[in-house]
>>> print(open('run_27.json').read())   # JSON, C-alpha atoms
[["chain", "number", "residue", "atom", "x", "y", "z"],
["X", 13, "MET", "CA", -19.57, -0.08, 8.34],
["X", 14, "ASN", "CA", -18.54, 3.50, 7.51],
["X", 15, "ALA", "CA", -21.80, 5.14, 8.52],
["X", 16, "LEU", "CA", -21.41, 8.15, 10.81],
["X", 17, "ARG", "CA", -22.03, 7.38, 14.47],
["X", 18, "THR", "CA", -22.51, 10.33, 16.79],
["X", 19, "PRO", "CA", -20.63, 9.85, 20.08],
["X", 20, "PRO", "CA", -22.11, 11.03, 23.39],
["X", 21, "LEU", "CA", -21.93, 14.75, 24.18],
["X", 22, "SER", "CA", -18.37, 15.18, 25.35],
["X", 23, "LYS", "CA", -15.16, 17.06, 24.72],
["X", 24, "TYR", "CA", -15.57, 16.24, 21.03],
["X", 25, "LEU", "CA", -18.66, 18.42, 20.75],
["X", 26, "LEU", "CA", -17.02, 21.14, 22.82],
["X", 27, "ALA", "CA", -13.94, 21.08, 20.62],
["X", 28, "ALA", "CA", -15.94, 21.28, 17.41],
["X", 29, "THR", "CA", -17.95, 24.21, 18.78],
["X", 30, "LEU", "CA", -14.75, 26.04, 19.62],
["X", 31, "VAL", "CA", -13.31, 25.41, 16.18],
["X", 32, "GLY", "CA", -16.48, 26.95, 14.75],
["X", 33, "TRP", "CA", -15.93, 30.02, 16.93],
["X", 34, "LEU", "CA", -12.32, 30.27, 15.81],
["X", 35, "ALA", "CA", -13.35, 30.00, 12.17],
["X", 36, "GLY", "CA", -15.92, 32.72, 12.77],
["X", 37, "GLY", "CA", -18.43, 30.98, 10.51],
["X", 38, "ARG", "CA", -16.56, 32.24, 7.45],
["X", 39, "THR", "CA", -14.41, 29.33, 6.40],
["X", 40, "ALA", "CA", -16.34, 26.36, 7.76],
["X", 41, "LYS", "CA", -19.95, 25.59, 6.90],
["X", 42, "ALA", "CA", -20.32, 22.48, 9.03],
["X", 43, "LEU", "CA", -18.29, 21.18, 11.97],
["X", 44, "GLU", "CA", -19.14, 17.72, 13.17],
["X", 45, "ASP", "CA", -18.13, 15.19, 15.78],
["X", 46, "VAL", "CA", -17.78, 11.92, 13.90],
["X", 47, "SER", "CA", -16.70, 8.37, 14.55],
["X", 48, "PHE", "CA", -15.56, 5.58, 12.28],
["X", 49, "PRO", "CA", -13.89, 2.17, 12.66],
["X", 50, "SER", "CA", -10.14, 1.94, 12.63],
["X", 51, "LEU", "CA", -8.78, -0.82, 10.44],
["X", 52, "ASP", "CA", -6.93, -2.28, 13.43],
["X", 53, "ALA", "CA", -7.71, -5.81, 14.61],
["X", 54, "ALA", "CA", -10.17, -4.55, 17.21],
["X", 55, "ALA", "CA", -12.00, -2.26, 14.76],
["X", 56, "THR", "CA", -11.59, 0.46, 17.40],
["X", 57, "GLU", "CA", -14.22, 3.18, 17.21],
["X", 58, "VAL", "CA", -12.19, 6.30, 16.53],
["X", 59, "HIS", "CA", -13.75, 9.63, 17.37],
["X", 60, "GLY", "CA", -12.70, 12.75, 15.57],
["X", 61, "VAL", "CA", -13.52, 16.26, 14.42],
["X", 62, "LEU", "CA", -14.62, 16.95, 10.83],
["X", 63, "VAL", "CA", -14.28, 20.44, 9.38],
["X", 64, "LYS", "CA", -16.20, 21.18, 6.18],
["X", 65, "PRO", "CA", -15.69, 24.21, 3.93],
["X", 66, "VAL", "CA", -18.45, 26.54, 2.82],
["X", 67, "GLY", "CA", -20.36, 25.25, -0.19],
["X", 68, "PRO", "CA", -21.92, 22.01, -1.44],
["X", 69, "GLY", "CA", -18.73, 20.41, -2.73],
["X", 70, "PRO", "CA", -17.57, 17.91, -3.60],
["X", 71, "PHE", "CA", -14.24, 18.80, -2.02],
["X", 72, "PRO", "CA", -10.80, 17.23, -1.76],
["X", 73, "ALA", "CA", -9.94, 16.24, 1.80],
["X", 74, "VAL", "CA", -7.09, 15.91, 4.28],
["X", 75, "VAL", "CA", -6.66, 13.54, 7.22],
["X", 76, "GLY", "CA", -4.69, 15.27, 10.01],
["X", 77, "MET", "CA", -2.76, 13.13, 12.52],
["X", 78, "HIS", "CA", -2.18, 14.88, 15.85],
["X", 79, "GLY", "CA", 1.07, 15.00, 17.79],
["X", 80, "CYS", "CA", 2.23, 13.21, 20.93],
["X", 81, "GLY", "CA", 0.24, 15.50, 23.22],
["X", 82, "GLY", "CA", -3.07, 14.42, 21.71],
["X", 83, "LEU", "CA", -5.79, 16.24, 19.82],
["X", 84, "PHE", "CA", -7.23, 18.24, 22.72],
["X", 85, "ASN", "CA", -5.74, 20.39, 25.46],
["X", 86, "ARG", "CA", -6.61, 20.19, 29.16],
["X", 87, "GLN", "CA", -9.62, 22.46, 28.65],
["X", 88, "GLY", "CA", -11.07, 20.08, 26.05],
["X", 89, "LYS", "CA", -10.28, 22.42, 23.18],
["X", 90, "LEU", "CA", -8.69, 21.39, 19.91],
["X", 91, "VAL", "CA", -5.00, 22.26, 20.28],
["X", 92, "ALA", "CA", -3.96, 25.54, 18.68],
["X", 93, "ARG", "CA", -1.78, 24.09, 15.92],
["X", 94, "GLU", "CA", -4.43, 21.71, 14.57],
["X", 95, "SER", "CA", -7.12, 24.38, 14.97],
["X", 96, "ALA", "CA", -5.08, 26.86, 12.93],
["X", 97, "TRP", "CA", -4.41, 24.31, 10.17],
["X", 98, "ALA", "CA", -8.09, 23.35, 10.11],
["X", 99, "GLU", "CA", -8.99, 26.96, 9.44],
["X", 100, "THR", "CA", -6.27, 27.37, 6.81],
["X", 101, "LEU", "CA", -7.11, 24.19, 4.90],
["X", 102, "SER", "CA", -10.89, 24.54, 5.08],
["X", 103, "ALA", "CA", -10.55, 28.10, 3.75],
["X", 104, "ARG", "CA", -8.55, 26.57, 0.90],
["X", 105, "GLY", "CA", -11.47, 24.27, 0.07],
["X", 106, "TYR", "CA", -10.49, 21.09, 1.91],
["X", 107, "VAL", "CA", -12.56, 18.89, 4.17],
["X", 108, "VAL", "CA", -10.34, 18.17, 7.18],
["X", 109, "LEU", "CA", -10.71, 15.16, 9.47],
["X", 110, "PHE", "CA", -8.73, 14.85, 12.71],
["X", 111, "PRO", "CA", -8.88, 11.33, 14.20],
["X", 112, "ASP", "CA", -8.29, 11.19, 17.96],
["X", 113, "SER", "CA", -6.06, 8.14, 18.17],
["X", 114, "PHE", "CA", -5.30, 8.60, 21.89],
["X", 115, "GLY", "CA", -8.62, 9.66, 23.40],
["X", 116, "SER", "CA", -10.51, 7.01, 21.46],
["X", 117, "ARG", "CA", -8.38, 4.39, 23.23],
["X", 118, "HIS", "CA", -8.50, 6.16, 26.61],
["X", 119, "LEU", "CA", -4.79, 6.92, 26.38],
["X", 120, "GLY", "CA", -2.97, 9.99, 27.61],
["X", 121, "GLY", "CA", -0.17, 11.81, 25.81],
["X", 122, "ALA", "CA", 2.90, 10.04, 24.49],
["X", 123, "CYS", "CA", 5.50, 12.80, 24.71],
["X", 124, "ALA", "CA", 7.46, 11.16, 27.51],
["X", 125, "ASP", "CA", 8.49, 7.62, 28.34],
["X", 126, "GLY", "CA", 6.11, 5.30, 30.14],
["X", 127, "GLY", "CA", 2.57, 4.10, 29.69],
["X", 128, "PRO", "CA", 0.72, 2.56, 26.75],
["X", 129, "ASN", "CA", 0.79, 4.23, 23.39],
["X", 130, "ALA", "CA", -0.95, 4.08, 20.02],
["X", 131, "ARG", "CA", 1.99, 3.22, 17.77],
["X", 132, "PRO", "CA", 2.61, 5.14, 14.53],
["X", 133, "TRP", "CA", 3.47, 1.98, 12.56],
["X", 134, "ALA", "CA", 0.43, 0.05, 13.83],
["X", 135, "GLU", "CA", -2.68, 1.51, 15.51],
["X", 136, "ARG", "CA", -2.26, 5.03, 14.17],
["X", 137, "SER", "CA", -1.59, 3.91, 10.61],
["X", 138, "TYR", "CA", -4.72, 1.77, 10.80],
["X", 139, "ASP", "CA", -6.59, 4.85, 12.06],
["X", 140, "ALA", "CA", -5.34, 6.83, 9.07],
["X", 141, "TYR", "CA", -6.69, 4.24, 6.66],
["X", 142, "GLY", "CA", -9.94, 4.04, 8.61],
["X", 143, "ALA", "CA", -10.23, 7.81, 8.21],
["X", 144, "LEU", "CA", -9.50, 7.51, 4.48],
["X", 145, "ARG", "CA", -12.26, 4.93, 4.08],
["X", 146, "TYR", "CA", -14.66, 7.08, 6.10],
["X", 147, "LEU", "CA", -13.99, 10.19, 4.02],
["X", 148, "GLN", "CA", -14.42, 8.19, 0.82],
["X", 149, "SER", "CA", -17.93, 7.27, 1.99],
["X", 150, "LEU", "CA", -19.04, 10.91, 2.26],
["X", 151, "PRO", "CA", -20.95, 12.37, -0.71],
["X", 152, "PHE", "CA", -19.29, 15.79, -0.43],
["X", 153, "VAL", "CA", -15.72, 14.39, -0.60],
["X", 154, "ILE", "CA", -13.85, 13.60, -3.82],
["X", 155, "GLY", "CA", -12.86, 10.05, -2.93],
["X", 156, "ASP", "CA", -9.67, 9.87, -4.96],
["X", 157, "ARG", "CA", -8.38, 13.31, -3.83],
["X", 158, "ILE", "CA", -7.47, 12.78, -0.19],
["X", 159, "GLY", "CA", -4.19, 13.69, 1.48],
["X", 160, "LEU", "CA", -2.51, 12.87, 4.79],
["X", 161, "VAL", "CA", -0.79, 15.38, 7.09],
["X", 162, "GLY", "CA", 0.82, 14.74, 10.48],
["X", 163, "TRP", "CA", 2.83, 16.51, 13.15],
["X", 164, "SER", "CA", 5.65, 14.95, 15.22],
["X", 165, "HIS", "CA", 4.17, 11.64, 16.49],
["X", 166, "GLY", "CA", 1.60, 12.07, 13.72],
["X", 167, "GLY", "CA", 4.37, 12.93, 11.27],
["X", 168, "GLY", "CA", 5.99, 9.59, 12.06],
["X", 169, "THR", "CA", 2.58, 8.03, 11.45],
["X", 170, "VAL", "CA", 2.58, 9.62, 8.00],
["X", 171, "LEU", "CA", 5.94, 8.05, 7.15],
["X", 172, "PHE", "CA", 4.83, 4.56, 8.17],
["X", 173, "THR", "CA", 1.41, 4.92, 6.52],
["X", 174, "VAL", "CA", 2.70, 5.96, 3.10],
["X", 175, "ALA", "CA", 5.61, 3.48, 3.08],
["X", 176, "ALA", "CA", 5.51, 1.33, -0.03],
["X", 177, "ALA", "CA", 5.87, -1.83, 2.07],
["X", 178, "THR", "CA", 3.48, -0.93, 4.91],
["X", 179, "GLU", "CA", 1.38, -3.80, 6.27],
["X", 180, "THR", "CA", -1.42, -1.45, 7.32],
["X", 181, "ARG", "CA", -2.50, -0.54, 3.79],
["X", 182, "PRO", "CA", -5.79, -2.32, 2.90],
["X", 183, "ALA", "CA", -5.57, -4.89, 0.13],
["X", 184, "GLU", "CA", -8.40, -3.15, -1.66],
["X", 185, "LEU", "CA", -8.85, 0.60, -2.05],
["X", 186, "PRO", "CA", -11.57, 1.00, -4.70],
["X", 187, "LYS", "CA", -11.37, 4.81, -4.59],
["X", 188, "GLY", "CA", -7.60, 4.95, -4.33],
["X", 189, "ASP", "CA", -4.90, 5.49, -1.73],
["X", 190, "PHE", "CA", -3.77, 8.75, -0.18],
["X", 191, "ARG", "CA", -2.77, 10.98, -3.06],
["X", 192, "ALA", "CA", -0.23, 13.18, -1.24],
["X", 193, "ALA", "CA", 1.24, 13.50, 2.25],
["X", 194, "VAL", "CA", 3.02, 16.02, 4.48],
["X", 195, "ALA", "CA", 5.15, 15.11, 7.50],
["X", 196, "PHE", "CA", 6.01, 17.91, 9.92],
["X", 197, "TYR", "CA", 9.12, 17.20, 12.05],
["X", 198, "PRO", "CA", 8.31, 13.47, 12.16],
["X", 199, "GLY", "CA", 9.39, 11.06, 14.82],
["X", 200, "TRP", "CA", 11.05, 7.77, 13.85],
["X", 201, "CYS", "CA", 12.66, 9.41, 10.82],
["X", 202, "SER", "CA", 16.06, 7.81, 10.42],
["X", 203, "ALA", "CA", 17.54, 4.80, 8.68],
["X", 204, "ARG", "CA", 17.71, 3.00, 12.04],
["X", 205, "GLN", "CA", 14.00, 3.51, 12.73],
["X", 206, "LEU", "CA", 12.47, 3.44, 9.25],
["X", 207, "GLY", "CA", 14.85, 0.88, 7.84],
["X", 208, "ASP", "CA", 17.32, 1.14, 4.97],
["X", 209, "SER", "CA", 14.74, 0.14, 2.36],
["X", 210, "TRP", "CA", 12.03, 2.67, 3.22],
["X", 211, "THR", "CA", 10.49, 4.33, 0.19],
["X", 212, "THR", "CA", 7.11, 5.59, -0.95],
["X", 213, "LYS", "CA", 5.12, 5.93, -4.14],
["X", 214, "ILE", "CA", 2.96, 8.69, -2.66],
["X", 215, "PRO", "CA", 4.20, 12.29, -3.13],
["X", 216, "LEU", "CA", 5.52, 13.41, 0.25],
["X", 217, "LEU", "CA", 6.69, 16.75, 1.64],
["X", 218, "LEU", "CA", 8.95, 16.79, 4.70],
["X", 219, "ALA", "CA", 8.93, 20.05, 6.70],
["X", 220, "ILE", "CA", 11.45, 20.25, 9.55],
["X", 221, "GLY", "CA", 13.58, 22.81, 11.36],
["X", 222, "ASP", "CA", 17.33, 22.43, 11.14],
["X", 223, "ALA", "CA", 17.62, 23.36, 14.83],
["X", 224, "ASP", "CA", 15.12, 20.69, 15.91],
["X", 225, "ASP", "CA", 16.73, 18.85, 18.82],
["X", 226, "TRP", "CA", 13.75, 16.59, 19.52],
["X", 227, "THR", "CA", 13.18, 14.95, 16.13],
["X", 228, "ARG", "CA", 16.54, 15.78, 14.66],
["X", 229, "ALA", "CA", 16.68, 17.00, 11.09],
["X", 230, "ARG", "CA", 19.95, 15.48, 9.86],
["X", 231, "PRO", "CA", 19.16, 11.72, 10.11],
["X", 232, "CYS", "CA", 15.65, 12.37, 8.78],
["X", 233, "VAL", "CA", 16.86, 14.38, 5.80],
["X", 234, "GLU", "CA", 19.57, 11.81, 5.06],
["X", 235, "ARG", "CA", 17.08, 8.94, 5.09],
["X", 236, "LEU", "CA", 14.54, 10.68, 2.88],
["X", 237, "GLN", "CA", 17.24, 11.94, 0.53],
["X", 238, "SER", "CA", 18.27, 8.31, 0.08],
["X", 239, "ALA", "CA", 14.68, 7.53, -0.90],
["X", 240, "ILE", "CA", 14.73, 10.46, -3.34],
["X", 241, "ASP", "CA", 17.94, 9.10, -4.87],
["X", 242, "GLY", "CA", 16.07, 5.83, -5.38],
["X", 243, "GLY", "CA", 13.25, 7.57, -7.24],
["X", 244, "ALA", "CA", 10.74, 8.29, -4.45],
["X", 245, "PRO", "CA", 8.55, 11.40, -5.03],
["X", 246, "VAL", "CA", 9.73, 13.14, -1.86],
["X", 247, "ARG", "CA", 10.46, 16.83, -1.31],
["X", 248, "ILE", "CA", 12.36, 18.24, 1.64],
["X", 249, "LYS", "CA", 12.08, 21.69, 3.20],
["X", 250, "THR", "CA", 14.33, 22.55, 6.14],
["X", 251, "TYR", "CA", 13.91, 25.80, 8.04],
["X", 252, "ASP", "CA", 16.96, 27.65, 9.33],
["X", 253, "GLY", "CA", 16.94, 28.16, 13.08],
["X", 254, "ALA", "CA", 13.55, 26.53, 13.60],
["X", 255, "TYR", "CA", 12.83, 24.15, 16.46],
["X", 256, "HIS", "CA", 10.15, 21.50, 16.91],
["X", 257, "ASP", "CA", 6.55, 22.81, 16.64],
["X", 258, "PHE", "CA", 7.71, 25.77, 14.56],
["X", 259, "ASP", "CA", 4.17, 26.11, 13.10],
["X", 260, "TRP", "CA", 2.42, 26.22, 16.50],
["X", 261, "PRO", "CA", 0.88, 29.71, 16.64],
["X", 262, "GLY", "CA", 1.81, 31.72, 19.69],
["X", 263, "MET", "CA", 4.02, 29.11, 21.33],
["X", 264, "VAL", "CA", 7.04, 30.88, 22.79],
["X", 265, "VAL", "CA", 10.24, 28.89, 22.27],
["X", 266, "HIS", "CA", 11.02, 27.09, 25.51],
["X", 267, "SER", "CA", 12.92, 24.09, 26.77],
["X", 268, "TRP", "CA", 11.54, 21.05, 28.56],
["X", 269, "THR", "CA", 12.64, 17.56, 29.47],
["X", 270, "PRO", "CA", 10.53, 14.78, 27.92],
["X", 271, "HIS", "CA", 13.05, 12.19, 29.10],
["X", 272, "PRO", "CA", 15.21, 12.29, 32.24],
["X", 273, "ASP", "CA", 18.45, 12.56, 30.29],
["X", 274, "ARG", "CA", 17.32, 14.87, 27.53],
["X", 275, "THR", "CA", 16.26, 18.52, 27.27],
["X", 276, "VAL", "CA", 14.72, 19.77, 24.03],
["X", 277, "HIS", "CA", 13.34, 23.03, 22.63],
["X", 278, "THR", "CA", 9.98, 23.67, 21.06],
["X", 279, "GLY", "CA", 8.06, 26.71, 19.85],
["X", 280, "GLU", "CA", 6.94, 28.88, 16.97],
["X", 281, "ASN", "CA", 9.29, 30.29, 14.36],
["X", 282, "ALA", "CA", 7.33, 33.05, 12.62],
["X", 283, "GLU", "CA", 9.30, 32.92, 9.37],
["X", 284, "ALA", "CA", 9.06, 29.14, 9.09],
["X", 285, "ARG", "CA", 5.37, 29.12, 9.97],
["X", 286, "THR", "CA", 4.60, 31.78, 7.36],
["X", 287, "ASP", "CA", 6.40, 29.78, 4.70],
["X", 288, "ALA", "CA", 4.66, 26.53, 5.71],
["X", 289, "LEU", "CA", 1.23, 28.19, 5.59],
["X", 290, "SER", "CA", 1.93, 28.93, 1.94],
["X", 291, "ARG", "CA", 4.06, 25.95, 0.91],
["X", 292, "VAL", "CA", 1.95, 23.13, 2.36],
["X", 293, "PRO", "CA", -1.42, 24.14, 0.84],
["X", 294, "ALA", "CA", 0.29, 24.72, -2.51],
["X", 295, "PHE", "CA", 1.83, 21.25, -2.35],
["X", 296, "LEU", "CA", -1.52, 19.67, -1.51],
["X", 297, "ASP", "CA", -3.25, 21.65, -4.28],
["X", 298, "GLU", "CA", -0.79, 20.26, -6.80],
["X", 299, "PHE", "CA", -1.92, 16.69, -6.17],
["X", 300, "LEU", "CA", -5.40, 16.99, -4.68],
["X", 301, "LYS", "CA", -7.16, 19.74, -6.60],
["X", 302, "PRO", "CA", -8.77, 18.56, -9.85],
["X", 303, "ARG", "CA", -7.82, 20.58, -12.90],
["X", 304, "GLY", "CA", -10.02, 23.61, -13.32],
["X", 305, "VAL", "CA", -10.75, 23.91, -9.59],
["X", 306, "GLU", "CA", -9.83, 27.26, -8.10],
["X", 307, "LYS", "CA", -6.85, 27.04, -5.77]]
>>> encode(input="run_27.json", output="structure tokens")
Amino acid sequence: MNALRTPPLSKYLLAATLVGWLAGGRTAKALEDVSFPSLDAAATEVHGVLVKPVGPGPFPAVVGMHGCGGLFNRQGKLVARESAWAETLSARGYVVLFPDSFGSRHLGGACADGGPNARPWAERSYDAYGALRYLQSLPFVIGDRIGLVGWSHGGGTVLFTVAAATETRPAELPKGDFRAAVAFYPGWCSARQLGDSWTTKIPLLLAIGDADDWTRARPCVERLQSAIDGGAPVRIKTYDGAYHDFDWPGMVVHSWTPHPDRTVHTGENAEARTDALSRVPAFLDEFLKPRGVEK
């Protein structure tokens, strides 16, 4: 069921080739187009990009959940944020798998109202667990050392996936659940959207800008702080003056209107991005790197 199936030559191959060029052959030994079954009711074949570090392994791994714009840009290239994190994490010794939840279902972006969508609490959470199962089948991955990272729409997916009461978690996980998770400026992060009883047993880091006017920081921080007060292993990092997509390299801060009655800001904050590039790998190392493994 979890055997690798190579999809037809397509944007997936192009994207992987471009990631290899960006990595310069120094941080990634093998870049592959892969596919695996989602755990959704339709067992959707999810395509994705797998980035493997140099060396034989075995390695810890990270599943990366893309944002509302999708995994690829209009030129068929892996978007700059995910590409940069792939390079950073593979250089750190992580296998990185990016499932394409939208393209695999022939869906467009979900940044504005209208049209079908792969939902964070349903299809995308099932994709995350399908990716976990797939990684656990690979001989060069340490099956019980896998983390989950997501951005915006994917950050909301992280929150629903790691929830203690999620219905998308498989009844049996012989090699274990996700061991740690990071949610960047997640959607659906408030008591109204997550529910008053949301909590998690999986160590989670929230990274969000306090100036974010798209996925607002205050209700998210308040909800996760309530979970912390209840004993959840959650950490919160807010970045002063940072907007949505603060870790997107080279994105000039700009405004746009995703909904007719709402204008938001998005773009890189150099100070916040620099901190995240250090803080997030260190957090993942704490839970995913076996003792004695160089960090």
>>> closest_residue(input="run_27.json", among="X:Ala103, X:Ile154, X:Ala96, X:Ile240", to="Pro261 (chain X)", atoms="all atoms listed in the file")
X:Ala96
>>> residues_around(input="run_27.json", residues="region 128-140 of chain X", least_positions_apart="3", cutoff="7 Å", atoms="all atoms listed in the file", output="ChimeraX atom specification")
/X:50-52,113-114,119,122,143-144,165,168-169,172-173,180
>>> residues_around(input="run_27.json", residues="Val107 (chain X)", least_positions_apart="2", cutoff="12 Å", atoms="all atoms listed in the file", output="PyMOL selection string")
chain X and resi 39-44+61-76+97-105+109-110+144+147-148+150-155+157-160+300
>>> closest_residue(input="run_27.json", among="X:Ile220, X:Val46, X:Ala176, X:Ala54", to="Asp112 (chain X)", atoms="all atoms listed in the file")
X:Val46
>>> closest_residue(input="run_27.json", among="X:Gly188, X:Trp210, X:Pro49, X:Ala55", to="Gly142 (chain X)", atoms="all atoms listed in the file")
X:Pro49
>>> residues_around(input="run_27.json", residues="Thr278 (chain X)", least_positions_apart="5", cutoff="12 Å", atoms="only C-alpha atoms", output="PDB file with C-alpha atoms, in the frame of the given file")
ATOM      1  CA  SER X 164       5.650  14.950  15.220  1.00  0.00           C
ATOM      2  CA  TYR X 197       9.120  17.200  12.050  1.00  0.00           C
ATOM      3  CA  GLY X 221      13.580  22.810  11.360  1.00  0.00           C
ATOM      4  CA  ALA X 223      17.620  23.360  14.830  1.00  0.00           C
ATOM      5  CA  ASP X 224      15.120  20.690  15.910  1.00  0.00           C
ATOM      6  CA  ASP X 225      16.730  18.850  18.820  1.00  0.00           C
ATOM      7  CA  TRP X 226      13.750  16.590  19.520  1.00  0.00           C
ATOM      8  CA  THR X 227      13.180  14.950  16.130  1.00  0.00           C
ATOM      9  CA  GLY X 253      16.940  28.160  13.080  1.00  0.00           C
ATOM     10  CA  ALA X 254      13.550  26.530  13.600  1.00  0.00           C
ATOM     11  CA  TYR X 255      12.830  24.150  16.460  1.00  0.00           C
ATOM     12  CA  HIS X 256      10.150  21.500  16.910  1.00  0.00           C
ATOM     13  CA  ASP X 257       6.550  22.810  16.640  1.00  0.00           C
ATOM     14  CA  PHE X 258       7.710  25.770  14.560  1.00  0.00           C
ATOM     15  CA  ASP X 259       4.170  26.110  13.100  1.00  0.00           C
ATOM     16  CA  TRP X 260       2.420  26.220  16.500  1.00  0.00           C
ATOM     17  CA  PRO X 261       0.880  29.710  16.640  1.00  0.00           C
ATOM     18  CA  GLY X 262       1.810  31.720  19.690  1.00  0.00           C
ATOM     19  CA  MET X 263       4.020  29.110  21.330  1.00  0.00           C
ATOM     20  CA  VAL X 264       7.040  30.880  22.790  1.00  0.00           C
ATOM     21  CA  VAL X 265      10.240  28.890  22.270  1.00  0.00           C
ATOM     22  CA  HIS X 266      11.020  27.090  25.510  1.00  0.00           C
ATOM     23  CA  SER X 267      12.920  24.090  26.770  1.00  0.00           C
ATOM     24  CA  TRP X 268      11.540  21.050  28.560  1.00  0.00           C
ATOM     25  CA  THR X 269      12.640  17.560  29.470  1.00  0.00           C
ATOM     26  CA  PRO X 270      10.530  14.780  27.920  1.00  0.00           C
TER      27      PRO X 270
END
>>> atom_distance(input="run_27.json", atom1="CA of Leu206 (chain X)", atom2="CA of Gly79 (chain X)")
18.3 Å
>>> residues_near_point(input="run_27.json", point="(6.1, 11.1, -3.2)", cutoff="7 Å", atoms="all atoms listed in the file", output="ChimeraX atom specification")
/X:192,212-216,244-246
>>> write_last_selection(input="run_27.json", atoms="C-alpha atoms", output="compact mmCIF listing (two decimals), in the frame of the given file")
# COMPACT_ATOMS: atom_id res chain seq x y z
CA ALA X 192 -0.23 13.18 -1.24
CA THR X 212 7.11 5.59 -0.95
CA LYS X 213 5.12 5.93 -4.14
CA ILE X 214 2.96 8.69 -2.66
CA PRO X 215 4.20 12.29 -3.13
CA LEU X 216 5.52 13.41 0.25
CA ALA X 244 10.74 8.29 -4.45
CA PRO X 245 8.55 11.40 -5.03
CA VAL X 246 9.73 13.14 -1.86
>>> atom_distance(input="run_27.json", atom1="CA of Ser202 (chain X)", atom2="CA of Ala124 (chain X)")
19.4 Å
>>> closest_residue(input="run_27.json", among="X:Glu280, X:Lys187, X:Ala294, X:Ser238", to="Ala92 (chain X)", atoms="all atoms listed in the file")
X:Glu280
>>> closest_residue(input="run_27.json", among="X:Leu296, X:Ala229, X:Met77, X:Ala239", to="Ala193 (chain X)", atoms="only C-alpha atoms")
X:Leu296
>>> atom_distance(input="run_27.json", atom1="CA of Val108 (chain X)", atom2="CA of Val233 (chain X)")
27.5 Å
>>> axis_aligned_box(input="run_27.json", around="region 216-232 of chain X", padding_each_side="6 Å", output="JSON")
{"center_x": 12.7, "center_y": 17.5, "center_z": 9.9, "size_x": 26.4, "size_y": 23.6, "size_z": 31.3}
>>> closest_residue(input="run_27.json", among="X:Glu57, X:Glu234, X:Glu94, X:Asp156", to="Leu218 (chain X)", atoms="only C-alpha atoms")
X:Glu234
